[in-house]
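Okay, structure_4.txt now, which holds compact mmCIF, N, CA and C atoms:
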```txt
# COMPACT_ATOMS: atom_id res chain seq x y z
N GLN Y 12 86.54 14.17 144.00
CA GLN Y 12 87.00 15.02 145.10
C GLN Y 12 88.41 14.61 145.49
N VAL Y 13 89.25 15.61 145.72
CA VAL Y 13 90.65 15.37 146.05
C VAL Y 13 90.92 15.82 147.47
N GLN Y 14 91.66 15.05 148.19
CA GLN Y 14 92.13 15.44 149.51
C GLN Y 14 93.65 15.54 149.48
N LEU Y 15 94.15 16.59 150.10
CA LEU Y 15 95.60 16.79 150.23
C LEU Y 15 95.94 16.77 151.71
N VAL Y 16 96.90 15.94 152.07
CA VAL Y 16 97.29 15.82 153.47
C VAL Y 16 98.78 16.08 153.58
N GLU Y 17 99.11 17.10 154.37
CA GLU Y 17 100.51 17.47 154.56
C GLU Y 17 101.09 16.75 155.78
N SER Y 18 102.39 16.63 155.78
CA SER Y 18 103.10 16.11 156.94
C SER Y 18 104.51 16.68 156.93
N GLY Y 19 105.15 16.62 158.08
CA GLY Y 19 106.55 17.03 158.16
C GLY Y 19 106.79 18.34 158.88
N GLY Y 20 105.75 19.08 159.19
CA GLY Y 20 105.96 20.32 159.91
C GLY Y 20 106.50 20.06 161.30
N ALA Y 21 107.35 20.98 161.77
CA ALA Y 21 107.98 20.79 163.08
C ALA Y 21 108.64 22.08 163.50
N SER Y 22 109.22 22.04 164.68
CA SER Y 22 110.04 23.15 165.17
C SER Y 22 111.50 22.82 164.92
N VAL Y 23 112.23 23.79 164.45
CA VAL Y 23 113.64 23.57 164.11
C VAL Y 23 114.42 24.85 164.41
N GLN Y 24 115.68 24.71 164.66
CA GLN Y 24 116.53 25.87 164.92
C GLN Y 24 116.94 26.54 163.61
N PRO Y 25 117.26 27.83 163.67
CA PRO Y 25 117.76 28.51 162.46
C PRO Y 25 118.95 27.77 161.87
N GLY Y 26 118.95 27.69 160.55
CA GLY Y 26 119.99 26.94 159.86
C GLY Y 26 119.66 25.48 159.64
N GLY Y 27 118.61 25.02 160.27
CA GLY Y 27 118.22 23.62 160.16
C GLY Y 27 117.45 23.32 158.89
N SER Y 28 117.03 22.07 158.77
CA SER Y 28 116.33 21.59 157.58
C SER Y 28 115.05 20.87 157.96
N LEU Y 29 114.10 20.90 157.06
CA LEU Y 29 112.87 20.14 157.19
C LEU Y 29 112.44 19.67 155.82
N ARG Y 30 111.73 18.57 155.82
CA ARG Y 30 111.14 18.07 154.57
C ARG Y 30 109.65 17.91 154.77
N LEU Y 31 108.90 18.65 153.97
CA LEU Y 31 107.45 18.56 153.99
C LEU Y 31 106.99 17.61 152.89
N SER Y 32 105.94 16.87 153.18
CA SER Y 32 105.36 15.97 152.19
C SER Y 32 103.86 16.19 152.10
N CYS Y 33 103.33 15.92 150.94
CA CYS Y 33 101.89 16.06 150.72
C CYS Y 33 101.42 14.88 149.88
N GLN Y 34 100.38 14.24 150.34
CA GLN Y 34 99.79 13.11 149.64
C GLN Y 34 98.42 13.49 149.13
N ALA Y 35 98.20 13.29 147.86
CA ALA Y 35 96.88 13.51 147.26
C ALA Y 35 96.15 12.18 147.19
N SER Y 36 94.88 12.23 147.51
CA SER Y 36 94.07 11.02 147.44
C SER Y 36 92.65 11.40 147.02
N GLY Y 37 91.88 10.39 146.66
CA GLY Y 37 90.50 10.63 146.26
C GLY Y 37 90.29 10.30 144.80
N SER Y 38 89.22 10.83 144.27
CA SER Y 38 88.84 10.55 142.91
C SER Y 38 89.07 11.78 142.04
N TYR Y 39 89.91 11.66 141.05
CA TYR Y 39 90.17 12.79 140.16
C TYR Y 39 90.82 12.26 138.88
N LEU Y 40 90.76 13.10 137.85
CA LEU Y 40 91.33 12.68 136.57
C LEU Y 40 92.84 12.87 136.56
N SER Y 41 93.28 14.07 136.89
CA SER Y 41 94.71 14.34 136.91
C SER Y 41 94.96 15.63 137.67
N ILE Y 42 96.19 15.80 138.07
CA ILE Y 42 96.61 17.01 138.76
C ILE Y 42 97.63 17.72 137.88
N TYR Y 43 97.31 18.93 137.49
CA TYR Y 43 98.21 19.66 136.60
C TYR Y 43 99.45 20.15 137.33
N ILE Y 44 99.22 20.87 138.39
CA ILE Y 44 100.31 21.49 139.13
C ILE Y 44 100.12 21.20 140.61
N MET Y 45 101.21 20.97 141.29
CA MET Y 45 101.19 20.84 142.75
C MET Y 45 102.20 21.83 143.32
N GLY Y 46 101.99 22.19 144.55
CA GLY Y 46 102.93 23.14 145.13
C GLY Y 46 102.70 23.39 146.59
N TRP Y 47 103.42 24.36 147.07
CA TRP Y 47 103.38 24.75 148.48
C TRP Y 47 103.21 26.27 148.60
N TYR Y 48 102.35 26.66 149.49
CA TYR Y 48 102.17 28.05 149.87
C TYR Y 48 102.37 28.14 151.38
N ARG Y 49 102.56 29.36 151.84
CA ARG Y 49 102.69 29.54 153.27
C ARG Y 49 101.99 30.81 153.71
N GLN Y 50 101.64 30.85 154.98
CA GLN Y 50 100.92 32.00 155.51
C GLN Y 50 101.27 32.21 156.97
N THR Y 51 101.47 33.47 157.32
CA THR Y 51 101.66 33.86 158.71
C THR Y 51 100.51 34.79 159.10
N PRO Y 52 100.22 34.90 160.38
CA PRO Y 52 99.09 35.72 160.82
C PRO Y 52 99.20 37.16 160.31
N GLY Y 53 98.12 37.65 159.76
CA GLY Y 53 98.09 39.03 159.29
C GLY Y 53 98.66 39.24 157.91
N LYS Y 54 99.14 38.20 157.28
CA LYS Y 54 99.73 38.32 155.95
C LYS Y 54 98.99 37.45 154.96
N GLU Y 55 99.11 37.81 153.68
CA GLU Y 55 98.49 37.00 152.65
C GLU Y 55 99.28 35.71 152.43
N ARG Y 56 98.55 34.73 151.96
CA ARG Y 56 99.22 33.48 151.63
C ARG Y 56 100.14 33.71 150.44
N GLU Y 57 101.37 33.19 150.49
CA GLU Y 57 102.32 33.41 149.41
C GLU Y 57 102.84 32.09 148.87
N MET Y 58 103.16 32.13 147.60
CA MET Y 58 103.66 30.93 146.92
C MET Y 58 105.09 30.65 147.34
N VAL Y 59 105.34 29.43 147.73
CA VAL Y 59 106.69 28.99 148.07
C VAL Y 59 107.33 28.31 146.86
N ALA Y 60 106.63 27.33 146.31
CA ALA Y 60 107.15 26.60 145.16
C ALA Y 60 106.02 25.83 144.49
N THR Y 61 106.12 25.69 143.18
CA THR Y 61 105.18 24.87 142.44
C THR Y 61 105.94 24.01 141.43
N ILE Y 62 105.31 22.91 141.04
CA ILE Y 62 105.90 22.02 140.05
C ILE Y 62 104.78 21.47 139.19
N ASP Y 63 104.94 21.54 137.88
CA ASP Y 63 103.87 21.08 137.01
C ASP Y 63 104.13 19.66 136.51
N PHE Y 64 103.22 19.19 135.68
CA PHE Y 64 103.31 17.81 135.21
C PHE Y 64 104.56 17.57 134.38
N GLY Y 65 105.10 18.66 133.78
CA GLY Y 65 106.33 18.54 133.00
C GLY Y 65 107.58 18.78 133.82
N ASN Y 66 107.41 18.82 135.14
CA ASN Y 66 108.53 19.01 136.07
C ASN Y 66 109.14 20.40 136.02
N ILE Y 67 108.38 21.37 135.51
CA ILE Y 67 108.85 22.75 135.54
C ILE Y 67 108.55 23.32 136.93
N LYS Y 68 109.57 23.90 137.53
CA LYS Y 68 109.47 24.37 138.91
C LYS Y 68 109.53 25.89 138.98
N LYS Y 69 108.79 26.42 139.91
CA LYS Y 69 108.84 27.84 140.19
C LYS Y 69 108.99 28.04 141.69
N TYR Y 70 109.71 29.09 142.06
CA TYR Y 70 109.96 29.36 143.47
C TYR Y 70 109.67 30.82 143.79
N GLY Y 71 109.27 31.06 145.03
CA GLY Y 71 109.14 32.41 145.48
C GLY Y 71 110.51 33.07 145.58
N ASP Y 72 110.56 34.39 145.40
CA ASP Y 72 111.84 35.09 145.39
C ASP Y 72 112.62 34.89 146.69
N PHE Y 73 111.91 34.71 147.77
CA PHE Y 73 112.57 34.60 149.08
C PHE Y 73 113.27 33.25 149.26
N VAL Y 74 113.00 32.30 148.40
CA VAL Y 74 113.59 30.97 148.55
C VAL Y 74 115.10 31.03 148.37
N LYS Y 75 115.57 31.72 147.35
CA LYS Y 75 117.00 31.96 147.14
C LYS Y 75 117.82 30.67 147.18
N GLY Y 76 117.32 29.63 146.53
CA GLY Y 76 118.07 28.39 146.41
C GLY Y 76 118.05 27.50 147.64
N ARG Y 77 117.30 27.86 148.65
CA ARG Y 77 117.32 27.07 149.89
C ARG Y 77 116.35 25.90 149.87
N PHE Y 78 115.31 25.99 149.08
CA PHE Y 78 114.27 24.96 149.06
C PHE Y 78 114.28 24.24 147.71
N THR Y 79 113.85 23.00 147.75
CA THR Y 79 113.72 22.21 146.52
C THR Y 79 112.39 21.49 146.54
N ILE Y 80 111.62 21.66 145.48
CA ILE Y 80 110.35 20.96 145.36
C ILE Y 80 110.52 19.77 144.44
N SER Y 81 109.84 18.69 144.77
CA SER Y 81 109.89 17.50 143.94
C SER Y 81 108.51 16.85 143.93
N ARG Y 82 108.28 16.04 142.91
CA ARG Y 82 106.96 15.44 142.74
C ARG Y 82 107.10 14.02 142.23
N ASP Y 83 106.28 13.16 142.77
CA ASP Y 83 106.19 11.79 142.29
C ASP Y 83 104.78 11.61 141.73
N THR Y 84 104.65 11.71 140.42
CA THR Y 84 103.32 11.65 139.83
C THR Y 84 102.70 10.28 139.97
N SER Y 85 103.50 9.24 140.03
CA SER Y 85 102.95 7.89 140.16
C SER Y 85 102.35 7.67 141.54
N ARG Y 86 102.88 8.37 142.54
CA ARG Y 86 102.37 8.23 143.90
C ARG Y 86 101.52 9.40 144.33
N ASN Y 87 101.38 10.40 143.44
CA ASN Y 87 100.57 11.58 143.74
C ASN Y 87 101.05 12.31 144.99
N THR Y 88 102.35 12.47 145.05
CA THR Y 88 102.92 13.17 146.19
C THR Y 88 103.77 14.35 145.71
N VAL Y 89 103.91 15.31 146.58
CA VAL Y 89 104.82 16.42 146.34
C VAL Y 89 105.55 16.69 147.64
N ALA Y 90 106.83 16.99 147.53
CA ALA Y 90 107.65 17.22 148.71
C ALA Y 90 108.37 18.56 148.59
N LEU Y 91 108.70 19.11 149.74
CA LEU Y 91 109.45 20.36 149.78
C LEU Y 91 110.60 20.18 150.76
N GLN Y 92 111.81 20.13 150.24
CA GLN Y 92 112.99 20.06 151.07
C GLN Y 92 113.43 21.49 151.38
N MET Y 93 113.48 21.82 152.65
CA MET Y 93 113.83 23.17 153.07
C MET Y 93 115.13 23.14 153.87
N ASN Y 94 116.11 23.84 153.39
CA ASN Y 94 117.41 23.93 154.06
C ASN Y 94 117.69 25.37 154.46
N SER Y 95 118.65 25.53 155.33
CA SER Y 95 119.05 26.87 155.78
C SER Y 95 117.85 27.69 156.23
N LEU Y 96 117.04 27.09 157.04
CA LEU Y 96 115.80 27.76 157.47
C LEU Y 96 116.11 28.97 158.34
N GLU Y 97 115.27 29.97 158.18
CA GLU Y 97 115.40 31.22 158.91
C GLU Y 97 114.12 31.45 159.71
N SER Y 98 114.22 32.31 160.70
CA SER Y 98 113.04 32.59 161.52
C SER Y 98 111.88 33.11 160.67
N GLU Y 99 112.21 33.82 159.60
CA GLU Y 99 111.18 34.35 158.71
C GLU Y 99 110.44 33.26 157.94
N ASP Y 100 110.96 32.06 157.97
CA ASP Y 100 110.29 30.94 157.29
C ASP Y 100 109.19 30.33 158.15
N SER Y 101 109.10 30.75 159.38
CA SER Y 101 108.05 30.24 160.26
C SER Y 101 106.68 30.61 159.69
N ALA Y 102 105.83 29.61 159.54
CA ALA Y 102 104.52 29.84 158.93
C ALA Y 102 103.76 28.52 158.91
N VAL Y 103 102.50 28.61 158.55
CA VAL Y 103 101.75 27.41 158.22
C VAL Y 103 101.95 27.15 156.72
N TYR Y 104 102.38 25.98 156.39
CA TYR Y 104 102.64 25.62 155.00
C TYR Y 104 101.49 24.76 154.48
N TYR Y 105 100.96 25.18 153.35
CA TYR Y 105 99.81 24.51 152.75
C TYR Y 105 100.20 23.84 151.44
N CYS Y 106 99.76 22.64 151.30
CA CYS Y 106 99.87 21.95 150.03
C CYS Y 106 98.74 22.43 149.12
N TRP Y 107 99.06 22.58 147.83
CA TRP Y 107 98.08 23.08 146.87
C TRP Y 107 98.17 22.27 145.59
N ALA Y 108 97.05 22.10 144.95
CA ALA Y 108 97.04 21.39 143.68
C ALA Y 108 96.00 22.00 142.76
N ASP Y 109 96.33 22.05 141.49
CA ASP Y 109 95.39 22.44 140.45
C ASP Y 109 94.90 21.15 139.81
N VAL Y 110 93.67 20.81 140.11
CA VAL Y 110 93.13 19.50 139.77
C VAL Y 110 92.17 19.61 138.60
N ALA Y 111 92.33 18.73 137.64
CA ALA Y 111 91.44 18.72 136.48
C ALA Y 111 90.00 18.54 136.92
N GLY Y 112 89.15 19.47 136.50
CA GLY Y 112 87.73 19.39 136.83
C GLY Y 112 87.36 19.92 138.20
N ALA Y 113 88.36 20.22 139.02
CA ALA Y 113 88.06 20.69 140.38
C ALA Y 113 88.73 22.02 140.69
N GLY Y 114 89.77 22.37 139.98
CA GLY Y 114 90.44 23.63 140.23
C GLY Y 114 91.36 23.58 141.43
N SER Y 115 91.51 24.73 142.08
CA SER Y 115 92.43 24.82 143.22
C SER Y 115 91.91 24.02 144.41
N THR Y 116 92.83 23.25 144.96
CA THR Y 116 92.52 22.42 146.12
C THR Y 116 93.62 22.63 147.15
N TRP Y 117 93.21 22.74 148.41
CA TRP Y 117 94.17 23.02 149.47
C TRP Y 117 94.15 21.95 150.54
N GLY Y 118 95.32 21.72 151.13
CA GLY Y 118 95.39 20.92 152.33
C GLY Y 118 95.09 21.77 153.54
N ARG Y 119 95.13 21.15 154.70
CA ARG Y 119 94.79 21.87 155.94
C ARG Y 119 95.98 22.61 156.51
N GLY Y 120 97.16 22.32 156.05
CA GLY Y 120 98.34 23.03 156.50
C GLY Y 120 99.13 22.29 157.56
N THR Y 121 100.41 22.61 157.62
CA THR Y 121 101.30 22.05 158.63
C THR Y 121 102.20 23.18 159.13
N GLN Y 122 102.38 23.23 160.43
CA GLN Y 122 103.10 24.34 161.05
C GLN Y 122 104.62 24.11 161.00
N VAL Y 123 105.32 25.13 160.55
CA VAL Y 123 106.78 25.14 160.58
C VAL Y 123 107.20 26.31 161.47
N THR Y 124 107.98 26.00 162.48
CA THR Y 124 108.48 27.03 163.39
C THR Y 124 109.99 26.98 163.42
N VAL Y 125 110.61 28.10 163.14
CA VAL Y 125 112.07 28.20 163.14
C VAL Y 125 112.46 29.16 164.26
N SER Y 126 113.05 28.61 165.28
CA SER Y 126 113.36 29.43 166.46
C SER Y 126 114.49 28.80 167.24
N SER Y 127 115.30 29.66 167.84
CA SER Y 127 116.38 29.16 168.69
C SER Y 127 115.89 29.04 170.13
```
Mind turning the file's structure into structure tokens?
Amino acid sequence: QVQLVESGGASVQPGGSLRLSCQASGSYLSIYIMGWYRQTPGKEREMVATIDFGNIKKYGDFVKGRFTISRDTSRNTVALQMNSLESEDSAVYYCWADVAGAGSTWGRGTQVTVSS
């Protein structure tokens, strides 16, 4: 069983930056892909960024070069550096992992609020 715990969510002004982190723990063989999704009330959860074991990264179209995902496989962590934040980026951000033998696993989420 894998647990994902996010940290780093906060309130920030437009144009500001935040860094989200996610720590995986528990018993598992390996994690294929890790990433971040986000969700706002009334909307479907959407992919923000993912990174696989080969360090191949994917981003949602709305990212437009503002966010950077990184992963430390030795520490089982994934981070999301978010710059030039906009009010539309306000959401609950969820850590996600595709875990060998367990499939999709989600964290509980961390709130990001971008407001002046």
For this session: Up to 7 Å from (100.0, 31.7, 154.0) in the file's coordinates: name the residues, counting all atoms listed in the file, as a PyMOL selection string.
Result: chain Y and resi 48-51+54-57+102-105
Exercise. Between Y:Ser115, Y:Ser81, Y:Gln122, Y:Ser95, which one has atoms that come closest to Lys68 of chain Y, using only C-alpha atoms?
Worked result: Y:Ser81
For this session: Write out as a PyMOL selection string the residues lying within 6.5 Å of segment 14-27 of chain Y, counting all atoms listed in the file and excluding same-chain residues fewer than 6 positions away.
Result: chain Y and resi 33-38+93-98+106+117-127
Exercise. Which one is closest to Leu29 of chain Y: Y:Val13, Y:Ala113, Y:Met58, Y:Leu91? Count only C-alpha atoms.
Worked result: Y:Leu91
For this session: Record the distance separating atom CA of Val59 of chain Y and atom CA of Thr88 of chain Y, expressed in Å with one decimal.
Result: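 Between atom CA of Val59 of chain Y and atom CA of Thr88 of chain Y the gap is 16.4 Å.
Note that the spacing between atom CA of Gln12 of chain Y and atom CA of Ile67 of chain Y amounts to 25.1 Å.
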Problem set entry | Close residues, Tyr70 of chain Y itself excluded, 8 Å, only N, CA and C atoms, min 5 positions apart in chain, as a ChimeraX atom specification | /Y:58-62,75-76,78
Exercise. Among chain Y, which residues carry a DSSP assignment of helix (DSSP H, G or I), reported as a list of chain:residue names?
Worked result: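 Everything in chain Y that counts as helix (DSSP H, G or I) is Y:Asp72, Y:Phe73, Y:Val74, Y:Ser98, Y:Glu99, Y:Asp100.
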Exercise. Of the candidates Y:Gly65, Y:Gly114, Y:Pro52, Y:Gly71, which one gets nearest to Ser101 of chain Y if we count only N, CA and C atoms?
Worked result: Y:Pro52
Problem set entry | Every residue of chain Y that DSSP places in strand (DSSP E), as an MDAnalysis selection string | chainID Y and resid 13:18 22:23 29:37 42:50 57:63 68:70 78:83 88:93 102:110 114:117 121:125
Problem set entry | Proximity to Thr79 of chain Y - best of Y:Ala108, Y:Gly46, Y:Ser41, Y:Asp100, only C-alpha atoms |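 Between Y:Ala108, Y:Gly46, Y:Ser41, Y:Asp100, the residue approaching Thr79 of chain Y most closely is Y:Gly46.
Counting from atom N of Ile80 of chain Y, the distance to atom C of Gly53 of chain Y is 25.1 Å.
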